[in-house]
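Enquirer: Have a peek at entry.cif (mmCIF, C-alpha atoms).
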```
data_structure
#
loop_
_atom_site.group_PDB
_atom_site.id
_atom_site.type_symbol
_atom_site.label_atom_id
_atom_site.label_comp_id
_atom_site.auth_asym_id
_atom_site.auth_seq_id
_atom_site.Cartn_x
_atom_site.Cartn_y
_atom_site.Cartn_z
ATOM 1 C CA MET A 1 -49.173 -37.148 108.810
ATOM 2 C CA HIS A 2 -47.895 -40.480 107.558
ATOM 3 C CA HIS A 3 -50.731 -42.435 109.242
ATOM 4 C CA ILE A 4 -53.467 -40.136 107.980
ATOM 5 C CA GLU A 5 -52.146 -40.405 104.434
ATOM 6 C CA ARG A 6 -52.255 -44.223 104.703
ATOM 7 C CA LEU A 7 -55.833 -44.036 105.988
ATOM 8 C CA LEU A 8 -56.851 -41.833 103.056
ATOM 9 C CA ARG A 9 -55.094 -44.057 100.509
ATOM 10 C CA ALA A 10 -56.863 -47.119 101.903
ATOM 11 C CA SER A 11 -60.289 -45.503 101.974
ATOM 12 C CA ASP A 12 -60.239 -43.530 98.704
ATOM 13 C CA PRO A 13 -57.218 -43.566 96.370
ATOM 14 C CA GLU A 14 -58.830 -41.014 94.006
ATOM 15 C CA LEU A 15 -59.284 -38.631 96.937
ATOM 16 C CA VAL A 16 -55.534 -38.854 97.530
ATOM 17 C CA ALA A 17 -54.743 -38.371 93.825
ATOM 18 C CA HIS A 18 -56.999 -35.287 93.773
ATOM 19 C CA GLY A 19 -55.288 -34.007 96.918
ATOM 20 C CA GLU A 20 -51.823 -34.484 95.438
ATOM 21 C CA ARG A 21 -52.768 -32.718 92.180
ATOM 22 C CA THR A 22 -54.480 -29.910 94.089
ATOM 23 C CA GLY A 23 -51.503 -29.480 96.429
ATOM 24 C CA ARG A 24 -49.008 -29.312 93.540
ATOM 25 C CA LEU A 25 -51.089 -26.754 91.652
ATOM 26 C CA ALA A 26 -51.715 -24.694 94.803
ATOM 27 C CA SER A 27 -47.980 -24.709 95.501
ATOM 28 C CA GLY A 28 -47.315 -23.398 91.987
ATOM 29 C CA ILE A 29 -49.920 -20.661 92.419
ATOM 30 C CA ALA A 30 -48.407 -19.714 95.793
ATOM 31 C CA ARG A 31 -44.933 -19.446 94.235
ATOM 32 C CA THR A 32 -46.362 -17.330 91.400
ATOM 33 C CA MET A 33 -47.893 -15.019 94.024
ATOM 34 C CA GLY A 34 -44.538 -14.739 95.803
ATOM 35 C CA LEU A 35 -45.749 -16.342 99.024
ATOM 36 C CA ALA A 36 -43.076 -17.482 101.471
ATOM 37 C CA ILE A 37 -41.564 -20.947 101.069
ATOM 38 C CA GLU A 38 -43.077 -21.991 104.417
ATOM 39 C CA GLN A 39 -46.558 -20.997 103.218
ATOM 40 C CA THR A 40 -46.013 -22.922 99.994
ATOM 41 C CA HIS A 41 -45.125 -26.063 101.966
ATOM 42 C CA LEU A 42 -48.164 -25.644 104.231
ATOM 43 C CA ILE A 43 -50.418 -25.239 101.195
ATOM 44 C CA GLU A 44 -49.034 -28.378 99.583
ATOM 45 C CA GLN A 45 -49.506 -30.349 102.812
ATOM 46 C CA ALA A 46 -53.055 -29.023 103.185
ATOM 47 C CA GLY A 47 -53.728 -29.882 99.543
ATOM 48 C CA LEU A 48 -53.200 -33.539 100.274
ATOM 49 C CA LEU A 49 -55.486 -33.397 103.325
ATOM 50 C CA HIS A 50 -58.110 -30.822 102.356
ATOM 51 C CA ASP A 51 -60.834 -33.384 101.605
ATOM 52 C CA ALA A 52 -59.931 -35.831 104.400
ATOM 53 C CA GLY A 53 -63.344 -35.227 105.963
ATOM 54 C CA LYS A 54 -64.971 -36.823 102.925
ATOM 55 C CA ILE A 55 -64.094 -40.254 104.295
ATOM 56 C CA PHE A 56 -67.010 -39.666 106.690
ATOM 57 C CA ILE A 57 -69.449 -38.713 103.912
ATOM 58 C CA SER A 58 -71.757 -41.339 102.416
ATOM 59 C CA ARG A 59 -70.388 -42.983 99.228
ATOM 60 C CA GLU A 60 -73.879 -42.565 97.763
ATOM 61 C CA ILE A 61 -73.401 -38.815 97.945
ATOM 62 C CA LEU A 62 -69.775 -38.780 96.817
ATOM 63 C CA ASP A 63 -70.472 -41.100 93.864
ATOM 64 C CA LYS A 64 -73.853 -39.648 92.857
ATOM 65 C CA PRO A 65 -73.908 -39.104 89.090
ATOM 66 C CA GLY A 66 -76.435 -36.269 89.177
ATOM 67 C CA PRO A 67 -77.001 -33.107 91.201
ATOM 68 C CA LEU A 68 -77.209 -33.340 94.980
ATOM 69 C CA ASP A 69 -80.430 -32.465 96.779
ATOM 70 C CA GLU A 70 -80.394 -30.039 99.718
ATOM 71 C CA ALA A 71 -80.029 -32.763 102.369
ATOM 72 C CA GLU A 72 -77.082 -34.260 100.475
ATOM 73 C CA TRP A 73 -75.451 -30.832 100.126
ATOM 74 C CA GLU A 74 -75.942 -30.298 103.845
ATOM 75 C CA GLU A 75 -74.081 -33.536 104.603
ATOM 76 C CA LEU A 76 -71.289 -32.694 102.145
ATOM 77 C CA ARG A 77 -70.837 -29.241 103.703
ATOM 78 C CA HIS A 78 -69.670 -30.952 106.909
ATOM 79 C CA HIS A 79 -66.487 -32.320 105.322
ATOM 80 C CA PRO A 80 -64.222 -29.303 106.068
ATOM 81 C CA MET A 81 -65.085 -29.452 109.784
ATOM 82 C CA MET A 82 -64.748 -33.239 109.895
ATOM 83 C CA GLY A 83 -61.420 -33.028 108.072
ATOM 84 C CA TYR A 84 -60.235 -30.373 110.506
ATOM 85 C CA GLN A 85 -61.211 -32.557 113.466
ATOM 86 C CA LEU A 86 -59.410 -35.533 111.916
ATOM 87 C CA VAL A 87 -56.096 -33.720 111.271
ATOM 88 C CA ARG A 88 -55.908 -30.972 113.896
ATOM 89 C CA ASP A 89 -53.861 -32.952 116.428
ATOM 90 C CA ILE A 90 -51.369 -34.379 113.937
ATOM 91 C CA VAL A 91 -50.487 -31.506 111.596
ATOM 92 C CA PRO A 92 -49.382 -27.905 112.162
ATOM 93 C CA ASP A 93 -52.290 -25.694 113.246
ATOM 94 C CA ARG A 94 -52.004 -23.613 110.065
ATOM 95 C CA VAL A 95 -52.536 -26.731 107.910
ATOM 96 C CA ALA A 96 -55.591 -27.690 109.969
ATOM 97 C CA GLN A 97 -56.957 -24.141 109.524
ATOM 98 C CA ILE A 98 -56.525 -24.409 105.740
ATOM 99 C CA VAL A 99 -58.423 -27.714 105.751
ATOM 100 C CA LEU A 100 -61.197 -26.063 107.783
ATOM 101 C CA THR A 101 -61.514 -22.970 105.567
ATOM 102 C CA HIS A 102 -60.938 -24.299 102.036
ATOM 103 C CA HIS A 103 -64.630 -23.818 101.130
ATOM 104 C CA GLU A 104 -64.969 -20.292 102.512
ATOM 105 C CA TRP A 105 -65.768 -17.963 99.622
ATOM 106 C CA PHE A 106 -64.135 -14.608 99.033
ATOM 107 C CA ASP A 107 -67.565 -12.892 99.231
ATOM 108 C CA GLY A 108 -68.495 -14.584 102.535
ATOM 109 C CA THR A 109 -71.065 -17.038 101.177
ATOM 110 C CA GLY A 110 -68.962 -20.189 101.693
ATOM 111 C CA TYR A 111 -68.881 -22.678 104.539
ATOM 112 C CA PRO A 112 -68.538 -23.704 107.341
ATOM 113 C CA HIS A 113 -68.362 -20.211 108.937
ATOM 114 C CA ALA A 114 -69.224 -17.778 106.093
ATOM 115 C CA ILE A 115 -66.077 -15.719 106.631
ATOM 116 C CA ARG A 116 -64.930 -13.430 103.839
ATOM 117 C CA GLY A 117 -62.004 -11.742 102.138
ATOM 118 C CA SER A 118 -58.802 -11.535 104.122
ATOM 119 C CA LYS A 119 -60.416 -13.335 107.079
ATOM 120 C CA VAL A 120 -60.003 -16.506 104.984
ATOM 121 C CA PRO A 121 -56.327 -17.527 105.256
ATOM 122 C CA ILE A 122 -54.456 -16.736 102.041
ATOM 123 C CA GLU A 123 -53.329 -20.359 101.899
ATOM 124 C CA ALA A 124 -56.971 -21.507 101.877
ATOM 125 C CA ARG A 125 -57.840 -18.962 99.166
ATOM 126 C CA VAL A 126 -55.014 -20.369 97.038
ATOM 127 C CA LEU A 127 -56.002 -23.968 97.738
ATOM 128 C CA GLN A 128 -59.632 -23.261 96.874
ATOM 129 C CA VAL A 129 -58.731 -22.112 93.354
ATOM 130 C CA ALA A 130 -56.490 -25.136 92.790
ATOM 131 C CA ASP A 131 -59.226 -27.427 94.181
ATOM 132 C CA ALA A 132 -61.850 -26.019 91.817
ATOM 133 C CA PHE A 133 -59.503 -26.206 88.833
ATOM 134 C CA ASP A 134 -58.696 -29.863 89.522
ATOM 135 C CA ALA A 135 -62.364 -30.724 90.127
ATOM 136 C CA ILE A 136 -63.346 -29.206 86.777
ATOM 137 C CA THR A 137 -60.528 -30.801 84.783
ATOM 138 C CA SER A 138 -60.840 -34.294 86.323
ATOM 139 C CA ASN A 139 -63.447 -36.977 85.782
ATOM 140 C CA ARG A 140 -66.083 -36.846 88.509
ATOM 141 C CA PRO A 141 -69.214 -38.966 89.039
ATOM 142 C CA TYR A 142 -71.348 -35.922 88.202
ATOM 143 C CA GLN A 143 -69.395 -34.722 85.127
ATOM 144 C CA PRO A 144 -66.601 -35.771 82.797
ATOM 145 C CA ALA A 145 -63.330 -33.857 82.801
ATOM 146 C CA LEU A 146 -63.735 -30.495 81.086
ATOM 147 C CA PRO A 147 -61.049 -28.619 79.110
ATOM 148 C CA VAL A 148 -58.445 -26.447 80.813
ATOM 149 C CA GLY A 149 -59.769 -23.378 79.006
ATOM 150 C CA TYR A 150 -63.232 -23.982 80.413
ATOM 151 C CA ALA A 151 -61.802 -24.310 83.929
ATOM 152 C CA LEU A 152 -59.809 -21.089 83.609
ATOM 153 C CA ASN A 153 -62.890 -19.271 82.339
ATOM 154 C CA GLU A 154 -64.818 -20.540 85.377
ATOM 155 C CA LEU A 155 -62.121 -19.121 87.647
ATOM 156 C CA ILE A 156 -62.460 -15.769 85.855
ATOM 157 C CA ARG A 157 -66.276 -15.890 86.086
ATOM 158 C CA CYS A 158 -66.143 -16.580 89.844
ATOM 159 C CA SER A 159 -63.345 -14.109 90.621
ATOM 160 C CA GLY A 160 -64.474 -11.716 93.343
ATOM 161 C CA THR A 161 -67.326 -13.959 94.487
ATOM 162 C CA GLN A 162 -66.073 -17.488 95.135
ATOM 163 C CA PHE A 163 -62.402 -16.749 94.497
ATOM 164 C CA ASP A 164 -59.903 -14.103 95.535
ATOM 165 C CA PRO A 165 -59.183 -12.070 92.362
ATOM 166 C CA ALA A 166 -55.442 -11.944 93.166
ATOM 167 C CA VAL A 167 -55.313 -15.742 93.323
ATOM 168 C CA VAL A 168 -57.213 -16.071 90.043
ATOM 169 C CA GLU A 169 -54.822 -13.582 88.438
ATOM 170 C CA ALA A 170 -51.817 -15.580 89.652
ATOM 171 C CA THR A 171 -53.394 -18.804 88.358
ATOM 172 C CA LEU A 172 -53.921 -17.254 84.930
ATOM 173 C CA SER A 173 -50.337 -16.013 84.965
ATOM 174 C CA LEU A 174 -49.110 -19.508 85.831
ATOM 175 C CA ALA A 175 -51.318 -20.989 83.109
ATOM 176 C CA GLY A 176 -49.792 -18.557 80.611
ATOM 177 C CA GLN A 177 -46.256 -19.446 81.713
ATOM 178 C CA LEU A 178 -47.068 -23.140 81.304
ATOM 179 C CA GLN A 179 -49.057 -22.525 78.094
ATOM 180 C CA TRP A 180 -52.012 -24.493 79.442
ATOM 181 C CA ALA A 181 -54.692 -23.202 77.091
ATOM 182 C CA ALA A 182 -55.208 -20.676 74.360
ATOM 183 C CA GLU A 183 -59.014 -20.668 74.607
ATOM 184 C CA VAL A 184 -59.280 -18.472 77.705
ATOM 185 C CA ALA A 185 -61.546 -15.451 77.346
ATOM 186 C CA VAL A 186 -59.702 -12.458 78.716
#
```
So that I can check it, write out the structure of this file as structure tokens.

Expert:
Amino acid sequence: MHHIERLLRASDPELVAHGERTGRLASGIARTMGLAIEQTHLIEQAGLLHDAGKIFISREILDKPGPLDEAEWEELRHHPMMGYQLVRDIVPDRVAQIVLTHHEWFDGTGYPHAIRGSKVPIEARVLQVADAFDAITSNRPYQPALPVGYALNELIRCSGTQFDPAVVEATLSLAGQLQWAAEVAV
């Protein structure tokens, strides 16, 4: 994985920073859920690589300050498959599968394969929550960083549709342990 990490750092340092933050948070959520140490390590590794496919996406799309149109969304939706193809021969298969499925939604409306519930690997369900949390609380071309409380409320709002409710519950538990925010609507 050393070479792929260097490639990512050279092409998009913020992508790597997002991956590192996402991997650390996902690892914490996994520990809170009581997942095995091996799963926690796989999740952290996948966190770093989950958006690797974005190096093949147009910078105009990635850096667009406003909403994406349908054609732009269609291009962006290819990044999990492209990331999978980039990493599949150099990381454990389970990590590659997490990269592939990190945008599959709990209710089956995600991509690239519209799988649902327990068919989405638990590691990908954990990573997806951490990914969304970091995206909301970090500066992005399309929005400034939003407060932790807002992000946690978004996780609650999307629990059962986008996110696995058990993963959201574990994230809220972790947030409480770390005293992240008092403004969460429960």

Enquirer: How would you write, as a PyMOL selection string, the residues chosen by the PyMOL selection byres ((chain A and resi 51) around 10) on this structure?

Expert: chain A and resi 8+15-16+18-19+46-50+52-55+79-80+82-84+99-100+102+131

Enquirer: As a check of understanding, name the residues that the PyMOL selection byres ((chain A and resi 123) around 7) selects in the supplied structure, as a ChimeraX atom specification.

Expert: /A:39,43,98,121-122,124-127

Enquirer: From the list A:Ala135, A:Val129, A:Val120, A:Leu178, which residue is nearest Ile156 (chain A) when using all atoms listed in the file?

Expert: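 Using all atoms listed in the file, Ile156 (chain A) sits closest to A:Val129.
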
Enquirer: Mind telling me what the PyMOL selection byres ((chain A and resi 75) around 12) catches here, as a ChimeraX atom specification?

Expert: /A:53-54,56-62,68-74,76-82,112

Enquirer: CA of Lys64 (chain A) to CA of Tyr142 (chain A): how many Å, to one decimal?

Expert: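 About the pair CA of Lys64 (chain A) and CA of Tyr142 (chain A): they are 6.5 Å apart.
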
Enquirer: Counting all atoms listed in the file, select every polymer residue within 12 Å of (-51.7, -22.3, 86.5) as defined in the file's coordinates, and provide the selection as a PyMOL selection string.

Expert: chain A and resi 21-22+24-33+126+129-131+133-134+148-149+151-152+155+167-181

Enquirer: Export, as a short mmCIF file (atom, residue, chain, number, x, y, z; two decimals), in the frame of the given file, the selected residues with C-alpha atoms.

Expert:
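Contents of the output file selection.cif:
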```cif
data_model
loop_
_atom_site.label_atom_id
_atom_site.label_comp_id
_atom_site.auth_asym_id
_atom_site.auth_seq_id
_atom_site.Cartn_x
_atom_site.Cartn_y
_atom_site.Cartn_z
CA ARG A 21 -52.77 -32.72 92.18
CA THR A 22 -54.48 -29.91 94.09
CA ARG A 24 -49.01 -29.31 93.54
CA LEU A 25 -51.09 -26.75 91.65
CA ALA A 26 -51.72 -24.69 94.80
CA SER A 27 -47.98 -24.71 95.50
CA GLY A 28 -47.32 -23.40 91.99
CA ILE A 29 -49.92 -20.66 92.42
CA ALA A 30 -48.41 -19.71 95.79
CA ARG A 31 -44.93 -19.45 94.24
CA THR A 32 -46.36 -17.33 91.40
CA MET A 33 -47.89 -15.02 94.02
CA VAL A 126 -55.01 -20.37 97.04
CA VAL A 129 -58.73 -22.11 93.35
CA ALA A 130 -56.49 -25.14 92.79
CA ASP A 131 -59.23 -27.43 94.18
CA PHE A 133 -59.50 -26.21 88.83
CA ASP A 134 -58.70 -29.86 89.52
CA VAL A 148 -58.44 -26.45 80.81
CA GLY A 149 -59.77 -23.38 79.01
CA ALA A 151 -61.80 -24.31 83.93
CA LEU A 152 -59.81 -21.09 83.61
CA LEU A 155 -62.12 -19.12 87.65
CA VAL A 167 -55.31 -15.74 93.32
CA VAL A 168 -57.21 -16.07 90.04
CA GLU A 169 -54.82 -13.58 88.44
CA ALA A 170 -51.82 -15.58 89.65
CA THR A 171 -53.39 -18.80 88.36
CA LEU A 172 -53.92 -17.25 84.93
CA SER A 173 -50.34 -16.01 84.96
CA LEU A 174 -49.11 -19.51 85.83
CA ALA A 175 -51.32 -20.99 83.11
CA GLY A 176 -49.79 -18.56 80.61
CA GLN A 177 -46.26 -19.45 81.71
CA LEU A 178 -47.07 -23.14 81.30
CA GLN A 179 -49.06 -22.52 78.09
CA TRP A 180 -52.01 -24.49 79.44
CA ALA A 181 -54.69 -23.20 77.09
#
```

Enquirer: Between CA of Glu44 (chain A) and CA of Glu20 (chain A), what is the distance in Å, rounded to a tenth?

Expert: 7.9 Å

Enquirer: Given 5 Å on each side, where is the centre and what are the edge lengths in Å to one decimal of the axis-aligned box enclosing the listed atoms of region 2-21 of chain A, as AutoDock Vina command-line options?

Expert:
```
--center_x -54.1 --center_y -39.9 --center_z 100.7 --size_x 22.4 --size_y 24.4 --size_z 27.1
```

Enquirer: Please complete region 34-56 of chain A with N, CA and C atoms and give it back as a PDB file, in the coordinates of the input.

Expert:
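Wrote it out as result_16.pdb, contents follow:
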```
ATOM      1  N   GLY A  34     -45.653 -15.184  94.973  1.00  0.00           N
ATOM      2  CA  GLY A  34     -44.538 -14.739  95.803  1.00  0.00           C
ATOM      3  C   GLY A  34     -44.732 -15.020  97.280  1.00  0.00           C
ATOM      4  N   LEU A  35     -45.579 -15.993  97.615  1.00  0.00           N
ATOM      5  CA  LEU A  35     -45.749 -16.342  99.024  1.00  0.00           C
ATOM      6  C   LEU A  35     -44.470 -16.996  99.542  1.00  0.00           C
ATOM      7  N   ALA A  36     -44.278 -16.932 100.844  1.00  0.00           N
ATOM      8  CA  ALA A  36     -43.076 -17.482 101.471  1.00  0.00           C
ATOM      9  C   ALA A  36     -43.012 -18.987 101.258  1.00  0.00           C
ATOM     10  N   ILE A  37     -41.791 -19.506 101.247  1.00  0.00           N
ATOM     11  CA  ILE A  37     -41.564 -20.947 101.069  1.00  0.00           C
ATOM     12  C   ILE A  37     -42.348 -21.740 102.111  1.00  0.00           C
ATOM     13  N   GLU A  38     -42.356 -21.282 103.360  1.00  0.00           N
ATOM     14  CA  GLU A  38     -43.077 -21.991 104.417  1.00  0.00           C
ATOM     15  C   GLU A  38     -44.565 -22.083 104.086  1.00  0.00           C
ATOM     16  N   GLN A  39     -45.145 -20.987 103.587  1.00  0.00           N
ATOM     17  CA  GLN A  39     -46.558 -20.997 103.218  1.00  0.00           C
ATOM     18  C   GLN A  39     -46.804 -21.989 102.080  1.00  0.00           C
ATOM     19  N   THR A  40     -45.891 -22.015 101.135  1.00  0.00           N
ATOM     20  CA  THR A  40     -46.013 -22.922  99.994  1.00  0.00           C
ATOM     21  C   THR A  40     -46.027 -24.373 100.470  1.00  0.00           C
ATOM     22  N   HIS A  41     -45.158 -24.696 101.417  1.00  0.00           N
ATOM     23  CA  HIS A  41     -45.125 -26.063 101.966  1.00  0.00           C
ATOM     24  C   HIS A  41     -46.410 -26.385 102.727  1.00  0.00           C
ATOM     25  N   LEU A  42     -46.913 -25.428 103.501  1.00  0.00           N
ATOM     26  CA  LEU A  42     -48.164 -25.644 104.231  1.00  0.00           C
ATOM     27  C   LEU A  42     -49.331 -25.876 103.268  1.00  0.00           C
ATOM     28  N   ILE A  43     -49.353 -25.105 102.196  1.00  0.00           N
ATOM     29  CA  ILE A  43     -50.418 -25.239 101.195  1.00  0.00           C
ATOM     30  C   ILE A  43     -50.361 -26.617 100.549  1.00  0.00           C
ATOM     31  N   GLU A  44     -49.161 -27.063 100.219  1.00  0.00           N
ATOM     32  CA  GLU A  44     -49.034 -28.378  99.583  1.00  0.00           C
ATOM     33  C   GLU A  44     -49.471 -29.488 100.545  1.00  0.00           C
ATOM     34  N   GLN A  45     -49.101 -29.368 101.802  1.00  0.00           N
ATOM     35  CA  GLN A  45     -49.506 -30.349 102.812  1.00  0.00           C
ATOM     36  C   GLN A  45     -51.032 -30.333 102.978  1.00  0.00           C
ATOM     37  N   ALA A  46     -51.597 -29.142 103.051  1.00  0.00           N
ATOM     38  CA  ALA A  46     -53.055 -29.023 103.185  1.00  0.00           C
ATOM     39  C   ALA A  46     -53.760 -29.536 101.934  1.00  0.00           C
ATOM     40  N   GLY A  47     -53.136 -29.372 100.780  1.00  0.00           N
ATOM     41  CA  GLY A  47     -53.728 -29.882  99.543  1.00  0.00           C
ATOM     42  C   GLY A  47     -53.997 -31.371  99.623  1.00  0.00           C
ATOM     43  N   LEU A  48     -53.033 -32.097 100.141  1.00  0.00           N
ATOM     44  CA  LEU A  48     -53.200 -33.539 100.274  1.00  0.00           C
ATOM     45  C   LEU A  48     -54.345 -33.881 101.219  1.00  0.00           C
ATOM     46  N   LEU A  49     -54.528 -33.081 102.263  1.00  0.00           N
ATOM     47  CA  LEU A  49     -55.486 -33.397 103.325  1.00  0.00           C
ATOM     48  C   LEU A  49     -56.821 -32.659 103.236  1.00  0.00           C
ATOM     49  N   HIS A  50     -56.959 -31.726 102.297  1.00  0.00           N
ATOM     50  CA  HIS A  50     -58.110 -30.822 102.356  1.00  0.00           C
ATOM     51  C   HIS A  50     -59.461 -31.531 102.334  1.00  0.00           C
ATOM     52  N   ASP A  51     -59.560 -32.665 101.671  1.00  0.00           N
ATOM     53  CA  ASP A  51     -60.834 -33.384 101.605  1.00  0.00           C
ATOM     54  C   ASP A  51     -60.872 -34.612 102.518  1.00  0.00           C
ATOM     55  N   ALA A  52     -59.980 -34.670 103.502  1.00  0.00           N
ATOM     56  CA  ALA A  52     -59.931 -35.831 104.400  1.00  0.00           C
ATOM     57  C   ALA A  52     -61.280 -36.096 105.054  1.00  0.00           C
ATOM     58  N   GLY A  53     -62.038 -35.061 105.339  1.00  0.00           N
ATOM     59  CA  GLY A  53     -63.344 -35.227 105.963  1.00  0.00           C
ATOM     60  C   GLY A  53     -64.338 -35.980 105.102  1.00  0.00           C
ATOM     61  N   LYS A  54     -64.050 -36.098 103.807  1.00  0.00           N
ATOM     62  CA  LYS A  54     -64.971 -36.823 102.925  1.00  0.00           C
ATOM     63  C   LYS A  54     -65.000 -38.316 103.225  1.00  0.00           C
ATOM     64  N   ILE A  55     -64.026 -38.825 103.962  1.00  0.00           N
ATOM     65  CA  ILE A  55     -64.094 -40.254 104.295  1.00  0.00           C
ATOM     66  C   ILE A  55     -65.270 -40.548 105.222  1.00  0.00           C
ATOM     67  N   PHE A  56     -65.851 -39.504 105.812  1.00  0.00           N
ATOM     68  CA  PHE A  56     -67.010 -39.666 106.690  1.00  0.00           C
ATOM     69  C   PHE A  56     -68.330 -39.389 105.968  1.00  0.00           C
TER      70      PHE A  56
END
```
